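S.K.: I'd like to ask you about the structure that follows.
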Amino acid sequence: MNLEGRKIVVNKSVNTLVEMLNKPEDYKNLMPDSLQNFEVRDNGFKFGLKGMPEIALKIEEVSEKAVVLKSASSSLDFELKGAMNALNENQTEVQLFFEGKFNPFIKMMVEKPLQNFINSLSDNLEKI
């Protein structure tokens with residue numbers, strides 16, 4: 001299952017974004033309003049949104065071109081990637097991509113909430 005967010009422009013340099021996205025605690029500021037809990041872990045974080053199970057993510061890679069977060073759970077195999085492109089010294093274009101390997105039943109249940117989550121992350125990234 002592949003989902004993608006819209007392309008957004010973040011009014012931060014790519015270096016500032018890389019610095020921020022390397023810190024698990026900074027992801028809390030990007031979470032949707034429905035966030036119920038957030039816990040920083042080694043090289044990642046765990047969060048819960050209203051009406052959804054908790055999700056644990058580990059920060060796999062952060063570079064000037066991309067940030068890659070992977071599921072920390074062996075039962076769910078997915079990756080959330082943010083492609084980054086420096087437009088100038090104060091602006092970076094970002095687009096989020098979700099890639100998950102789910103059975104058709106799970107896909108049907110999670111596709112819409114995941115798209116809403118990606119849209120919310122994009123909105124919050126645009127505001128930072």
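Labels for the structure tokens follow display order: chains A, B, ..., residues from 1 in each chain, ligands from 1.
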Give me the residues within 8 Å of Ile59 (chain A) as a list in words, counting only C-alpha atoms and dropping any in the same chain fewer than 4 places off.
M.R.: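 These residues fall inside the cut-off: Asn22, Pro24, Asn43, Gly44, Val67, Val68, Leu69 and Lys70 of chain A.
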S.K.: Restricting the output to all heavy atoms, write the selected residues as an mmCIF file, in the first residue's frame.
M.R.:
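Below is the file that was written, result_12.cif:
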```cif
data_model
loop_
_atom_site.group_PDB
_atom_site.id
_atom_site.type_symbol
_atom_site.label_atom_id
_atom_site.label_comp_id
_atom_site.auth_asym_id
_atom_site.auth_seq_id
_atom_site.Cartn_x
_atom_site.Cartn_y
_atom_site.Cartn_z
ATOM 1 N N ASN A 22 16.312 14.849 13.431
ATOM 2 C CA ASN A 22 17.202 13.898 14.085
ATOM 3 C C ASN A 22 16.851 13.721 15.561
ATOM 4 O O ASN A 22 17.361 12.826 16.214
ATOM 5 C CB ASN A 22 18.663 14.355 13.963
ATOM 6 C CG ASN A 22 19.376 13.650 12.838
ATOM 7 O OD1 ASN A 22 19.261 12.449 12.679
ATOM 8 N ND2 ASN A 22 20.106 14.406 12.048
ATOM 9 N N PRO A 24 14.107 12.788 18.259
ATOM 10 C CA PRO A 24 12.777 12.171 18.420
ATOM 11 C C PRO A 24 11.765 13.079 19.113
ATOM 12 O O PRO A 24 10.592 13.093 18.730
ATOM 13 C CB PRO A 24 13.055 10.918 19.254
ATOM 14 C CG PRO A 24 14.483 10.596 19.002
ATOM 15 C CD PRO A 24 15.164 11.925 18.778
ATOM 16 N N ASN A 43 16.407 6.353 19.693
ATOM 17 C CA ASN A 43 16.392 6.540 18.247
ATOM 18 C C ASN A 43 14.988 6.465 17.645
ATOM 19 O O ASN A 43 14.799 5.973 16.543
ATOM 20 C CB ASN A 43 17.312 5.521 17.566
ATOM 21 C CG ASN A 43 17.737 6.003 16.193
ATOM 22 O OD1 ASN A 43 17.810 7.199 15.943
ATOM 23 N ND2 ASN A 43 18.004 5.084 15.307
ATOM 24 N N GLY A 44 13.988 6.943 18.391
ATOM 25 C CA GLY A 44 12.633 6.925 17.862
ATOM 26 C C GLY A 44 11.624 7.406 18.880
ATOM 27 O O GLY A 44 11.970 8.041 19.873
ATOM 28 N N VAL A 67 14.104 11.980 5.053
ATOM 29 C CA VAL A 67 13.995 11.431 6.402
ATOM 30 C C VAL A 67 13.205 10.128 6.249
ATOM 31 O O VAL A 67 12.222 10.084 5.509
ATOM 32 C CB VAL A 67 13.309 12.413 7.385
ATOM 33 C CG1 VAL A 67 11.931 12.828 6.905
ATOM 34 C CG2 VAL A 67 13.207 11.815 8.772
ATOM 35 N N VAL A 68 13.677 9.064 6.893
ATOM 36 C CA VAL A 68 13.004 7.768 6.795
ATOM 37 C C VAL A 68 12.710 7.265 8.202
ATOM 38 O O VAL A 68 13.610 7.119 9.023
ATOM 39 C CB VAL A 68 13.868 6.731 6.035
ATOM 40 C CG1 VAL A 68 13.164 5.379 5.982
ATOM 41 C CG2 VAL A 68 14.193 7.226 4.633
ATOM 42 N N LEU A 69 11.424 7.019 8.461
ATOM 43 C CA LEU A 69 10.978 6.439 9.729
ATOM 44 C C LEU A 69 10.428 5.060 9.422
ATOM 45 O O LEU A 69 9.662 4.884 8.474
ATOM 46 C CB LEU A 69 9.877 7.301 10.357
ATOM 47 C CG LEU A 69 10.205 8.766 10.599
ATOM 48 C CD1 LEU A 69 8.975 9.499 11.119
ATOM 49 C CD2 LEU A 69 11.354 8.917 11.565
ATOM 50 N N LYS A 70 10.820 4.066 10.228
ATOM 51 C CA LYS A 70 10.337 2.696 10.026
ATOM 52 C C LYS A 70 9.578 2.239 11.257
ATOM 53 O O LYS A 70 9.869 2.663 12.374
ATOM 54 C CB LYS A 70 11.505 1.752 9.763
ATOM 55 C CG LYS A 70 12.129 1.964 8.417
ATOM 56 C CD LYS A 70 12.945 0.762 8.009
ATOM 57 C CE LYS A 70 13.377 0.983 6.577
ATOM 58 N NZ LYS A 70 13.751 -0.212 5.907
#
```
S.K.: Just the strand (DSSP E) stuff from region 61-120 of chain A, please, per backbone DSSP, written as number ranges by chain.
M.R.: A: 61-62, 66-71, 77-88, 91-101
S.K.: Keeping N, CA and C atoms for every residue in the selection just given, could you write it to a file as a compact mmCIF listing (two decimals), in the first residue's frame?
M.R.:
```txt
# COMPACT_ATOMS: atom_id res chain seq x y z
N GLU A 61 16.88 7.10 8.99
CA GLU A 61 17.82 7.94 8.23
C GLU A 61 17.33 9.38 8.22
N VAL A 62 18.25 10.31 8.36
CA VAL A 62 17.94 11.72 8.17
C VAL A 62 19.11 12.32 7.39
N ALA A 66 16.33 13.29 2.51
CA ALA A 66 15.19 12.51 2.99
C ALA A 66 15.28 12.22 4.49
N VAL A 67 14.10 11.98 5.05
CA VAL A 67 13.99 11.43 6.40
C VAL A 67 13.20 10.13 6.25
N VAL A 68 13.68 9.06 6.89
CA VAL A 68 13.00 7.77 6.79
C VAL A 68 12.71 7.26 8.20
N LEU A 69 11.42 7.02 8.46
CA LEU A 69 10.98 6.44 9.73
C LEU A 69 10.43 5.06 9.42
N LYS A 70 10.82 4.07 10.23
CA LYS A 70 10.34 2.70 10.03
C LYS A 70 9.58 2.24 11.26
N SER A 71 8.66 1.33 11.03
CA SER A 71 7.91 0.74 12.12
C SER A 71 8.86 0.00 13.05
N ASP A 77 4.74 -3.90 8.97
CA ASP A 77 5.90 -3.59 8.15
C ASP A 77 5.59 -2.36 7.29
N PHE A 78 6.09 -1.21 7.71
CA PHE A 78 5.87 0.00 6.92
C PHE A 78 6.98 1.01 7.13
N GLU A 79 6.99 2.00 6.23
CA GLU A 79 8.00 3.04 6.24
C GLU A 79 7.33 4.36 5.88
N LEU A 80 7.69 5.42 6.59
CA LEU A 80 7.22 6.77 6.29
C LEU A 80 8.45 7.57 5.88
N LYS A 81 8.41 8.10 4.66
CA LYS A 81 9.57 8.82 4.14
C LYS A 81 9.16 10.25 3.79
N GLY A 82 10.03 11.18 4.12
CA GLY A 82 9.84 12.56 3.71
C GLY A 82 10.95 12.93 2.75
N ALA A 83 10.59 13.19 1.50
CA ALA A 83 11.58 13.62 0.50
C ALA A 83 11.76 15.13 0.65
N MET A 84 13.01 15.58 0.75
CA MET A 84 13.29 17.00 0.97
C MET A 84 14.13 17.55 -0.18
N ASN A 85 13.79 18.77 -0.57
CA ASN A 85 14.50 19.44 -1.65
C ASN A 85 14.67 20.91 -1.27
N ALA A 86 15.91 21.33 -1.06
CA ALA A 86 16.18 22.72 -0.69
C ALA A 86 15.83 23.63 -1.86
N LEU A 87 14.93 24.59 -1.62
CA LEU A 87 14.56 25.55 -2.66
C LEU A 87 15.51 26.75 -2.63
N ASN A 88 15.83 27.18 -1.41
CA ASN A 88 16.81 28.25 -1.19
C ASN A 88 17.29 28.12 0.24
N GLN A 91 14.03 27.95 2.57
CA GLN A 91 12.82 27.19 2.24
C GLN A 91 13.20 25.80 1.71
N THR A 92 12.39 24.82 2.12
CA THR A 92 12.60 23.44 1.70
C THR A 92 11.27 22.85 1.26
N GLU A 93 11.28 22.21 0.12
CA GLU A 93 10.09 21.51 -0.34
C GLU A 93 10.11 20.11 0.26
N VAL A 94 8.97 19.69 0.80
CA VAL A 94 8.87 18.38 1.45
C VAL A 94 7.63 17.66 0.94
N GLN A 95 7.77 16.36 0.71
CA GLN A 95 6.62 15.53 0.37
C GLN A 95 6.74 14.22 1.14
N LEU A 96 5.64 13.81 1.79
CA LEU A 96 5.63 12.58 2.57
C LEU A 96 5.10 11.41 1.75
N PHE A 97 5.73 10.25 1.96
CA PHE A 97 5.34 9.01 1.29
C PHE A 97 5.22 7.91 2.33
N PHE A 98 4.18 7.12 2.22
CA PHE A 98 3.97 5.98 3.12
C PHE A 98 4.00 4.72 2.28
N GLU A 99 4.77 3.74 2.71
CA GLU A 99 4.81 2.45 2.02
C GLU A 99 4.65 1.36 3.07
N GLY A 100 3.60 0.57 2.94
CA GLY A 100 3.36 -0.49 3.90
C GLY A 100 2.97 -1.78 3.24
N LYS A 101 3.34 -2.87 3.87
CA LYS A 101 2.97 -4.19 3.38
C LYS A 101 1.90 -4.75 4.32
```
S.K.: I need the residues in region 16-104 of chain A that are alpha helix (DSSP H) according to DSSP; give them as a list of chain:residue names.
M.R.: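 Going through region 16-104 of chain A, the alpha helix (DSSP H) residues come out as A:Thr16, A:Leu17, A:Val18, A:Glu19, A:Met20, A:Leu21, A:Pro104.
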S.K.: Could you check the closest approach to Ser13 (chain A) for each of A:Asn124, A:Ser75, A:Lys46, A:Asn90 and tell me which residue wins, using only C-alpha atoms?
M.R.: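 Of all the options, A:Asn90 lies closest to Ser13 (chain A).
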S.K.: Any idea what's packed within 8 Å of region 114-123 of chain A, counting only C-alpha atoms, ignoring anything in its chain fewer than 2 positions away? Could you give it as a list in words?
M.R.: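 Skipping anything fewer than 2 positions along the chain leaves Leu3, Glu4, Gly5, Arg6, Ile8, Leu30, Met31, Pro32, Gln95, Leu96, Val110, Glu111, Lys112, Leu125, Glu126 and Lys127 of chain A.
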S.K.: Looking at A:Ala72, A:Glu54, A:Lys65, A:Val18, which one is nearest to Arg41 (chain A), with distances taken over only C-alpha atoms?
M.R.: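 With only C-alpha atoms as the atom set, the closest residue is A:Ala72.
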S.K.: Out of A:Leu35, A:Glu89, A:Ile55, A:Lys107, which residue has the shortest atom-to-atom distance to Val10 (chain A) when counting only C-alpha atoms?
M.R.: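 Closest candidate: A:Glu89.
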S.K.: So how many Å separate CA of Gly48 (chain A) and CA of Tyr27 (chain A), to one decimal?
M.R.: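 Pair CA of Gly48 (chain A) / CA of Tyr27 (chain A) returns 12.8 Å.
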S.K.: Please indicate the distance in Å from CA of Met20 (chain A) to CA of Phe47 (chain A), rounded to one decimal place.
M.R.: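 Straight-line distance from CA of Met20 (chain A) to CA of Phe47 (chain A) works out to 17.8 Å.
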S.K.: To one decimal place in Å, what is the distance between CA of Ser34 (chain A) and CA of Pro113 (chain A)?
M.R.: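 Computing it gives 11.7 Å between the two atoms.
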